[in-house]
Amino acid sequence: MIGTWHQQAPPESAYLPIWVGPSTAGPTYRPWAPVATATGDVLPGRGANHAWYTFSVGELLVSTDHDRNEYLCEVALEAISGSTGTRQWSASVHGGRRKENNDCQKRLSGSELGQVIGSGSRIAAVTADGTPQLFDLATGSTVWAATDRGTPLDGDDRSLLVSEFADQSTLSLLDLETGKKQWSVPDPGFDPYPSQRTTFLVGDRVVVGGRIPIGEFAGRPTTIIYDRETGREIDRYVGWVQGAGADWLALLVSEGSGSDKLQFHR
């Protein structure tokens, strides 16, 4: 799916990609095909199974291969016509690198949910030189590329949140339409992997959570709320962020007795 939906179902699209072929067959014999959600009709075009992401963009079937060149963090893309099965375009984008050990982040997302950041047919990725880019799967071309190094963490139809590295460093907010940087803030100091930063872009706020190893909040999960317009820190709480909306925040807070409490803040 394109867009970070935070475990919510995205709007129904005109076509959905499905596997076709025997359930016992290997990937080579289980290609992808687009199915019309209104009728259930399966279009004749077939896309190769690379065990990564496959999208339906209109009638296009777009597949990704994240194992093309692991040293370069390359992600190969190929678009097949759902009606004819012919290749429409092929291209490459890249994933970000982790600061901790300079290895590639193979997924095109800041989360473990397999959701690709983007809006409509456009997805966030990284260029070969390590800067964020917006790539259009409908045309197979780059819409814009930013000027500073960064890895996409989260986004919606307004903004793209990026970090200098996939696991650490400066946070910046970019305008999704133009790629222009709106603001940057220093690294909040969250632990790198295996502790993952949790992010939400909701209403006029940017919410970022993780565990901070040093300082006033040392060793405790911490959630920070920034103003989307200016990057100003609005508030800071102790607790794991579980969800957020335009005017609410849900945290899981340890009671100190082995139990946790779900807290809501407005």
# chains A, B, ... in the order shown; residues from 1 in each chain; ligands from 1
>>> residues_around(residues="segment 41-58 of chain A", least_positions_apart="2", cutoff="9 Å", atoms="only C-alpha atoms", output="PDB file with C-alpha atoms, in the first residue's frame")
ATOM      1  CA  MET A   1       0.000   0.000   0.000  1.00  0.00           C
ATOM      2  CA  ILE A   2       1.196   3.531  -0.691  1.00  0.00           C
ATOM      3  CA  SER A  13      -8.460   1.473  -5.171  1.00  0.00           C
ATOM      4  CA  ALA A  14      -9.784   0.513  -8.603  1.00  0.00           C
ATOM      5  CA  TYR A  15      -7.360  -2.419  -8.811  1.00  0.00           C
ATOM      6  CA  LEU A  16      -5.549  -4.596  -6.287  1.00  0.00           C
ATOM      7  CA  PRO A  17      -2.522  -6.820  -6.914  1.00  0.00           C
ATOM      8  CA  ILE A  18      -3.005 -10.527  -6.185  1.00  0.00           C
ATOM      9  CA  TRP A  19      -0.935 -13.679  -6.499  1.00  0.00           C
ATOM     10  CA  VAL A  20      -2.070 -16.094  -9.184  1.00  0.00           C
ATOM     11  CA  PRO A  27       7.660 -17.570  -6.457  1.00  0.00           C
ATOM     12  CA  THR A  28       8.533 -18.124 -10.142  1.00  0.00           C
ATOM     13  CA  TYR A  29       5.194 -19.817 -10.702  1.00  0.00           C
ATOM     14  CA  ARG A  30       3.151 -17.379  -8.619  1.00  0.00           C
ATOM     15  CA  PRO A  31       3.216 -14.074 -10.526  1.00  0.00           C
ATOM     16  CA  TRP A  32       1.200 -10.994  -9.620  1.00  0.00           C
ATOM     17  CA  ALA A  33      -1.863  -9.761 -11.498  1.00  0.00           C
ATOM     18  CA  PRO A  34      -4.214  -6.771 -11.017  1.00  0.00           C
ATOM     19  CA  VAL A  35      -7.831  -7.563 -10.105  1.00  0.00           C
ATOM     20  CA  ALA A  36     -10.662  -5.030 -10.545  1.00  0.00           C
ATOM     21  CA  THR A  37     -12.170  -4.362  -7.117  1.00  0.00           C
ATOM     22  CA  ALA A  38     -15.582  -3.537  -8.614  1.00  0.00           C
ATOM     23  CA  THR A  39     -15.996  -6.774 -10.585  1.00  0.00           C
ATOM     24  CA  LEU A  60      -0.206  -0.635 -13.988  1.00  0.00           C
ATOM     25  CA  LEU A  61       1.339  -3.416 -11.936  1.00  0.00           C
ATOM     26  CA  VAL A  62       4.517  -2.069 -10.297  1.00  0.00           C
ATOM     27  CA  SER A  63       6.924  -4.462  -8.575  1.00  0.00           C
ATOM     28  CA  THR A  64      10.040  -3.729  -6.521  1.00  0.00           C
ATOM     29  CA  ASP A  65      13.241  -5.735  -6.060  1.00  0.00           C
ATOM     30  CA  HIS A  66      15.349  -4.640  -3.069  1.00  0.00           C
ATOM     31  CA  ASP A  67      18.110  -7.192  -3.664  1.00  0.00           C
ATOM     32  CA  GLU A  78       9.339  -2.328 -13.046  1.00  0.00           C
ATOM     33  CA  ALA A  79       5.872  -1.397 -14.328  1.00  0.00           C
ATOM     34  CA  ILE A  80       3.777  -3.861 -16.357  1.00  0.00           C
ATOM     35  CA  SER A  81       0.553  -3.016 -18.191  1.00  0.00           C
ATOM     36  CA  GLY A  82      -2.307  -4.880 -16.559  1.00  0.00           C
ATOM     37  CA  SER A  83      -4.162  -5.061 -19.880  1.00  0.00           C
ATOM     38  CA  THR A  84      -1.374  -6.242 -22.173  1.00  0.00           C
ATOM     39  CA  GLY A  85       1.418  -7.551 -19.927  1.00  0.00           C
ATOM     40  CA  THR A  86       4.001  -5.363 -21.669  1.00  0.00           C
ATOM     41  CA  ARG A 107      12.564  -1.166   2.983  1.00  0.00           C
ATOM     42  CA  GLY A 114       5.770  -2.709   5.132  1.00  0.00           C
ATOM     43  CA  VAL A 116       5.587   2.685   1.705  1.00  0.00           C
ATOM     44  CA  GLY A 120      -1.488   8.627  -4.603  1.00  0.00           C
ATOM     45  CA  SER A 121       0.975   7.170  -7.115  1.00  0.00           C
ATOM     46  CA  LEU A 137       5.044   5.194 -10.087  1.00  0.00           C
ATOM     47  CA  ALA A 138       2.563   6.259 -12.778  1.00  0.00           C
TER      48      ALA A 138
END
>>> residues_around(residues="Gly209 of chain A", least_positions_apart="4", cutoff="8 Å", atoms="only C-alpha atoms", output="number ranges by chain")
A: 197-199, 221-224, 240-241
>>> write_last_selection(atoms="C-alpha atoms", output="PDB file, in the first residue's frame")
ATOM      1  CA  ARG A 197      11.339   5.580  16.353  1.00  0.00           C
ATOM      2  CA  THR A 198       7.567   5.772  16.092  1.00  0.00           C
ATOM      3  CA  THR A 199       6.196   8.718  14.123  1.00  0.00           C
ATOM      4  CA  PRO A 221      10.399   5.759  26.429  1.00  0.00           C
ATOM      5  CA  THR A 222       9.773   9.370  25.461  1.00  0.00           C
ATOM      6  CA  THR A 223       7.305  11.037  23.093  1.00  0.00           C
ATOM      7  CA  ILE A 224       7.950  14.500  21.647  1.00  0.00           C
ATOM      8  CA  TRP A 240       5.438   4.730  24.333  1.00  0.00           C
ATOM      9  CA  VAL A 241       3.271   6.477  21.755  1.00  0.00           C
TER      10      VAL A 241
END
>>> select_by_dssp(residues="segment 21-264 of chain A", states="strand (DSSP E)", output="ChimeraX atom specification")
/A:32-36,54-57,60-69,74-81,87-94,118-119,122-126,132-136,141-145,151-155,159-163,171-175,181-185,198-202,205-212,220-227,233-238,240-244,249-254,260-264
>>> write_last_selection(atoms="C-alpha atoms", output="short mmCIF file (atom, residue, chain, number, x, y, z; two decimals), in the first residue's frame")
data_model
loop_
_atom_site.label_atom_id
_atom_site.label_comp_id
_atom_site.auth_asym_id
_atom_site.auth_seq_id
_atom_site.Cartn_x
_atom_site.Cartn_y
_atom_site.Cartn_z
CA TRP A 32 1.20 -10.99 -9.62
CA ALA A 33 -1.86 -9.76 -11.50
CA PRO A 34 -4.21 -6.77 -11.02
CA VAL A 35 -7.83 -7.56 -10.10
CA ALA A 36 -10.66 -5.03 -10.55
CA THR A 54 3.83 -4.96 -5.61
CA PHE A 55 1.44 -2.06 -6.28
CA SER A 56 -1.48 -1.43 -8.60
CA VAL A 57 -1.28 2.12 -9.95
CA LEU A 60 -0.21 -0.64 -13.99
CA LEU A 61 1.34 -3.42 -11.94
CA VAL A 62 4.52 -2.07 -10.30
CA SER A 63 6.92 -4.46 -8.58
CA THR A 64 10.04 -3.73 -6.52
CA ASP A 65 13.24 -5.73 -6.06
CA HIS A 66 15.35 -4.64 -3.07
CA ASP A 67 18.11 -7.19 -3.66
CA ARG A 68 19.45 -5.78 -6.95
CA ASN A 69 22.61 -4.21 -5.50
CA GLU A 74 19.41 -0.02 -4.86
CA VAL A 75 15.70 -0.79 -5.31
CA ALA A 76 14.76 -1.84 -8.84
CA LEU A 77 11.27 -0.92 -10.10
CA GLU A 78 9.34 -2.33 -13.05
CA ALA A 79 5.87 -1.40 -14.33
CA ILE A 80 3.78 -3.86 -16.36
CA SER A 81 0.55 -3.02 -18.19
CA ARG A 87 6.68 -3.46 -19.75
CA GLN A 88 5.86 0.25 -19.53
CA TRP A 89 8.98 1.46 -17.73
CA SER A 90 11.81 0.35 -15.45
CA ALA A 91 13.89 2.44 -13.05
CA SER A 92 15.87 2.38 -9.81
CA VAL A 93 15.56 4.28 -6.55
CA HIS A 94 17.51 3.74 -3.32
CA GLY A 118 3.75 8.46 -0.21
CA SER A 119 0.48 9.78 -1.57
CA ARG A 122 3.98 8.98 -5.62
CA ILE A 123 6.36 7.32 -3.17
CA ALA A 124 9.23 8.62 -1.04
CA ALA A 125 12.67 7.11 -1.62
CA VAL A 126 16.33 8.15 -1.74
CA PRO A 132 15.28 12.19 -0.32
CA GLN A 133 13.22 12.08 -3.49
CA LEU A 134 9.58 11.80 -4.52
CA PHE A 135 9.13 9.24 -7.29
CA ASP A 136 5.98 8.84 -9.42
CA SER A 141 10.14 9.45 -13.09
CA THR A 142 11.41 11.58 -10.21
CA VAL A 143 9.12 14.47 -9.23
CA TRP A 144 11.74 16.21 -7.09
CA ALA A 145 14.97 15.50 -5.22
CA THR A 151 15.98 8.99 4.73
CA PRO A 152 12.16 9.17 4.69
CA LEU A 153 10.56 8.25 8.03
CA ASP A 154 6.91 9.20 7.62
CA GLY A 155 4.62 11.36 5.52
CA SER A 159 4.66 16.71 4.38
CA LEU A 160 7.57 14.28 4.42
CA LEU A 161 9.50 13.68 7.65
CA VAL A 162 13.12 12.67 7.03
CA SER A 163 16.15 11.89 9.14
CA LEU A 171 15.02 15.46 11.79
CA SER A 172 13.67 17.62 8.95
CA LEU A 173 10.23 18.27 7.53
CA LEU A 174 9.88 18.71 3.76
CA ASP A 175 6.94 19.99 1.74
CA LYS A 181 12.72 22.05 3.64
CA GLN A 182 10.33 23.64 6.13
CA TRP A 183 12.43 23.12 9.28
CA SER A 184 15.07 20.97 10.98
CA VAL A 185 15.59 20.02 14.62
CA THR A 198 7.57 5.77 16.09
CA THR A 199 6.20 8.72 14.12
CA PHE A 200 2.85 10.33 13.34
CA LEU A 201 2.06 13.33 11.13
CA VAL A 202 -1.42 14.41 12.18
CA ARG A 205 1.58 18.23 14.78
CA VAL A 206 4.54 15.91 14.22
CA VAL A 207 4.84 13.21 16.89
CA VAL A 208 8.08 11.26 17.38
CA GLY A 209 8.66 8.60 20.03
CA GLY A 210 11.45 6.29 21.15
CA ARG A 211 13.80 5.55 24.04
CA ILE A 212 16.33 8.20 25.12
CA ARG A 220 12.61 5.73 29.51
CA PRO A 221 10.40 5.76 26.43
CA THR A 222 9.77 9.37 25.46
CA THR A 223 7.30 11.04 23.09
CA ILE A 224 7.95 14.50 21.65
CA ILE A 225 5.36 16.68 19.89
CA TYR A 226 6.53 19.31 17.37
CA ASP A 227 4.52 22.05 15.69
CA GLU A 233 8.68 21.55 20.49
CA ILE A 234 5.19 21.76 21.97
CA ASP A 235 5.34 19.07 24.63
CA ARG A 236 7.23 16.02 25.85
CA TYR A 237 5.86 12.96 27.69
CA VAL A 238 7.21 9.78 29.22
CA TRP A 240 5.44 4.73 24.33
CA VAL A 241 3.27 6.48 21.75
CA GLN A 242 0.48 4.16 20.62
CA GLY A 243 -1.54 6.51 18.46
CA ALA A 244 -2.15 10.18 17.72
CA LEU A 249 -2.22 11.43 21.98
CA ALA A 250 -2.29 7.87 23.33
CA LEU A 251 0.63 6.61 25.41
CA LEU A 252 1.49 3.31 27.09
CA VAL A 253 3.04 4.17 30.46
CA SER A 254 4.70 1.76 32.90
CA ASP A 260 1.17 -0.68 31.99
CA LYS A 261 -1.50 1.99 31.78
CA LEU A 262 -2.94 3.49 28.60
CA GLN A 263 -3.03 7.30 28.92
CA PHE A 264 -4.78 9.80 26.69
#
>>> atom_distance(atom1="atom CA of Asp247 of chain A", atom2="atom CA of Arg228 of chain A")
13.1 Å
>>> atom_distance(atom1="atom CA of Pro188 of chain A", atom2="atom CA of Gly258 of chain A")
27.1 Å
>>> atom_distance(atom1="atom CA of Ala246 of chain A", atom2="atom CA of Ile117 of chain A")
19.4 Å
>>> residues_around(residues="Glu100 of chain A", least_positions_apart="4", cutoff="10 Å", atoms="only C-alpha atoms", output="PDB file with N, CA and C atoms, in the first residue's frame")
ATOM      1  N   PHE A 165      20.011  10.025   8.793  1.00  0.00           N
ATOM      2  CA  PHE A 165      20.229   8.595   8.617  1.00  0.00           C
ATOM      3  C   PHE A 165      18.947   7.863   8.978  1.00  0.00           C
ATOM      4  N   ALA A 166      18.871   6.587   8.603  1.00  0.00           N
ATOM      5  CA  ALA A 166      17.650   5.831   8.828  1.00  0.00           C
ATOM      6  C   ALA A 166      17.364   5.607  10.307  1.00  0.00           C
ATOM      7  N   ASP A 167      18.409   5.602  11.155  1.00  0.00           N
ATOM      8  CA  ASP A 167      18.203   5.285  12.561  1.00  0.00           C
ATOM      9  C   ASP A 167      18.525   6.429  13.516  1.00  0.00           C
ATOM     10  N   GLN A 168      19.202   7.479  13.066  1.00  0.00           N
ATOM     11  CA  GLN A 168      19.627   8.554  13.962  1.00  0.00           C
ATOM     12  C   GLN A 168      19.782   9.861  13.194  1.00  0.00           C
ATOM     13  N   PRO A 192      19.311   3.998  18.605  1.00  0.00           N
ATOM     14  CA  PRO A 192      19.164   3.405  17.277  1.00  0.00           C
ATOM     15  C   PRO A 192      18.585   2.002  17.384  1.00  0.00           C
ATOM     16  N   TYR A 193      18.613   1.267  16.292  1.00  0.00           N
ATOM     17  CA  TYR A 193      18.124  -0.110  16.268  1.00  0.00           C
ATOM     18  C   TYR A 193      18.745  -0.899  17.416  1.00  0.00           C
TER      19      TYR A 193
END
>>> decode(residues="segment 28-52 of chain A", atoms="N, CA, C and O atoms", output="short mmCIF file (atom, residue, chain, number, x, y, z; two decimals), in the first residue's frame")
data_model
loop_
_atom_site.label_atom_id
_atom_site.label_comp_id
_atom_site.auth_asym_id
_atom_site.auth_seq_id
_atom_site.Cartn_x
_atom_site.Cartn_y
_atom_site.Cartn_z
N THR A 28 8.48 -18.22 -8.68
CA THR A 28 8.53 -18.12 -10.14
C THR A 28 7.20 -18.47 -10.77
O THR A 28 6.83 -17.92 -11.82
N TYR A 29 6.47 -19.36 -10.14
CA TYR A 29 5.19 -19.82 -10.70
C TYR A 29 3.99 -19.19 -10.01
O TYR A 29 2.87 -19.66 -10.16
N ARG A 30 4.25 -18.11 -9.25
CA ARG A 30 3.15 -17.38 -8.62
C ARG A 30 3.31 -15.89 -8.93
O ARG A 30 3.64 -15.08 -8.05
N PRO A 31 3.08 -15.49 -10.17
CA PRO A 31 3.22 -14.07 -10.53
C PRO A 31 2.07 -13.25 -9.95
O PRO A 31 1.09 -13.79 -9.44
N TRP A 32 2.23 -11.92 -10.06
CA TRP A 32 1.20 -10.99 -9.62
C TRP A 32 0.32 -10.58 -10.79
O TRP A 32 0.78 -10.53 -11.94
N ALA A 33 -0.93 -10.26 -10.49
CA ALA A 33 -1.86 -9.76 -11.50
C ALA A 33 -2.79 -8.74 -10.84
O ALA A 33 -3.08 -8.85 -9.65
N PRO A 34 -3.26 -7.72 -11.58
CA PRO A 34 -4.21 -6.77 -11.02
C PRO A 34 -5.65 -7.30 -11.16
O PRO A 34 -6.04 -7.82 -12.21
N VAL A 35 -6.44 -7.16 -10.09
CA VAL A 35 -7.83 -7.56 -10.10
C VAL A 35 -8.69 -6.33 -9.88
O VAL A 35 -8.39 -5.49 -9.03
N ALA A 36 -9.75 -6.17 -10.68
CA ALA A 36 -10.66 -5.03 -10.55
C ALA A 36 -11.50 -5.21 -9.28
O ALA A 36 -12.18 -6.23 -9.12
N THR A 37 -11.45 -4.23 -8.38
CA THR A 37 -12.17 -4.36 -7.12
C THR A 37 -13.68 -4.30 -7.31
O THR A 37 -14.44 -4.83 -6.50
N ALA A 38 -14.15 -3.67 -8.39
CA ALA A 38 -15.58 -3.54 -8.61
C ALA A 38 -16.20 -4.82 -9.14
O ALA A 38 -17.36 -5.12 -8.85
N THR A 39 -15.43 -5.60 -9.91
CA THR A 39 -16.00 -6.77 -10.58
C THR A 39 -15.32 -8.09 -10.20
O THR A 39 -15.91 -9.16 -10.40
N GLY A 40 -14.10 -8.03 -9.71
CA GLY A 40 -13.36 -9.25 -9.44
C GLY A 40 -12.65 -9.81 -10.65
O GLY A 40 -12.02 -10.87 -10.57
N ASP A 41 -12.73 -9.10 -11.78
CA ASP A 41 -12.07 -9.57 -13.00
C ASP A 41 -10.56 -9.43 -12.86
O ASP A 41 -10.05 -8.38 -12.45
N VAL A 42 -9.84 -10.49 -13.24
CA VAL A 42 -8.37 -10.48 -13.20
C VAL A 42 -7.85 -10.10 -14.58
O VAL A 42 -8.18 -10.75 -15.58
N LEU A 43 -7.05 -9.02 -14.65
CA LEU A 43 -6.50 -8.59 -15.93
C LEU A 43 -5.40 -9.56 -16.37
O LEU A 43 -4.78 -10.23 -15.55
N PRO A 44 -5.13 -9.63 -17.67
CA PRO A 44 -4.19 -10.63 -18.18
C PRO A 44 -2.72 -10.35 -17.91
O PRO A 44 -1.89 -11.25 -17.98
N GLY A 45 -2.35 -9.09 -17.61
CA GLY A 45 -0.95 -8.76 -17.37
C GLY A 45 -0.40 -9.46 -16.13
O GLY A 45 -1.12 -9.64 -15.14
N ARG A 46 0.86 -9.86 -16.19
CA ARG A 46 1.50 -10.56 -15.08
C ARG A 46 2.82 -9.89 -14.72
O ARG A 46 3.59 -9.51 -15.60
N GLY A 47 3.07 -9.74 -13.42
CA GLY A 47 4.31 -9.17 -12.93
C GLY A 47 5.10 -10.20 -12.15
O GLY A 47 4.53 -11.05 -11.45
N ALA A 48 6.43 -10.13 -12.24
CA ALA A 48 7.29 -11.11 -11.56
C ALA A 48 7.19 -10.96 -10.05
O ALA A 48 6.99 -9.86 -9.53
N ASN A 49 7.36 -12.06 -9.36
CA ASN A 49 7.33 -12.08 -7.90
C ASN A 49 8.75 -11.98 -7.38
O ASN A 49 9.56 -12.89 -7.54
N HIS A 50 9.08 -10.83 -6.73
CA HIS A 50 10.41 -10.64 -6.15
C HIS A 50 10.39 -10.72 -4.63
O HIS A 50 11.38 -10.41 -3.98
N ALA A 51 9.26 -11.14 -4.07
CA ALA A 51 9.10 -11.28 -2.62
C ALA A 51 9.23 -9.94 -1.89
O ALA A 51 9.54 -9.90 -0.70
N TRP A 52 9.03 -8.82 -2.60
CA TRP A 52 9.04 -7.50 -1.97
C TRP A 52 7.68 -6.85 -2.18
O TRP A 52 6.67 -7.47 -1.94
#
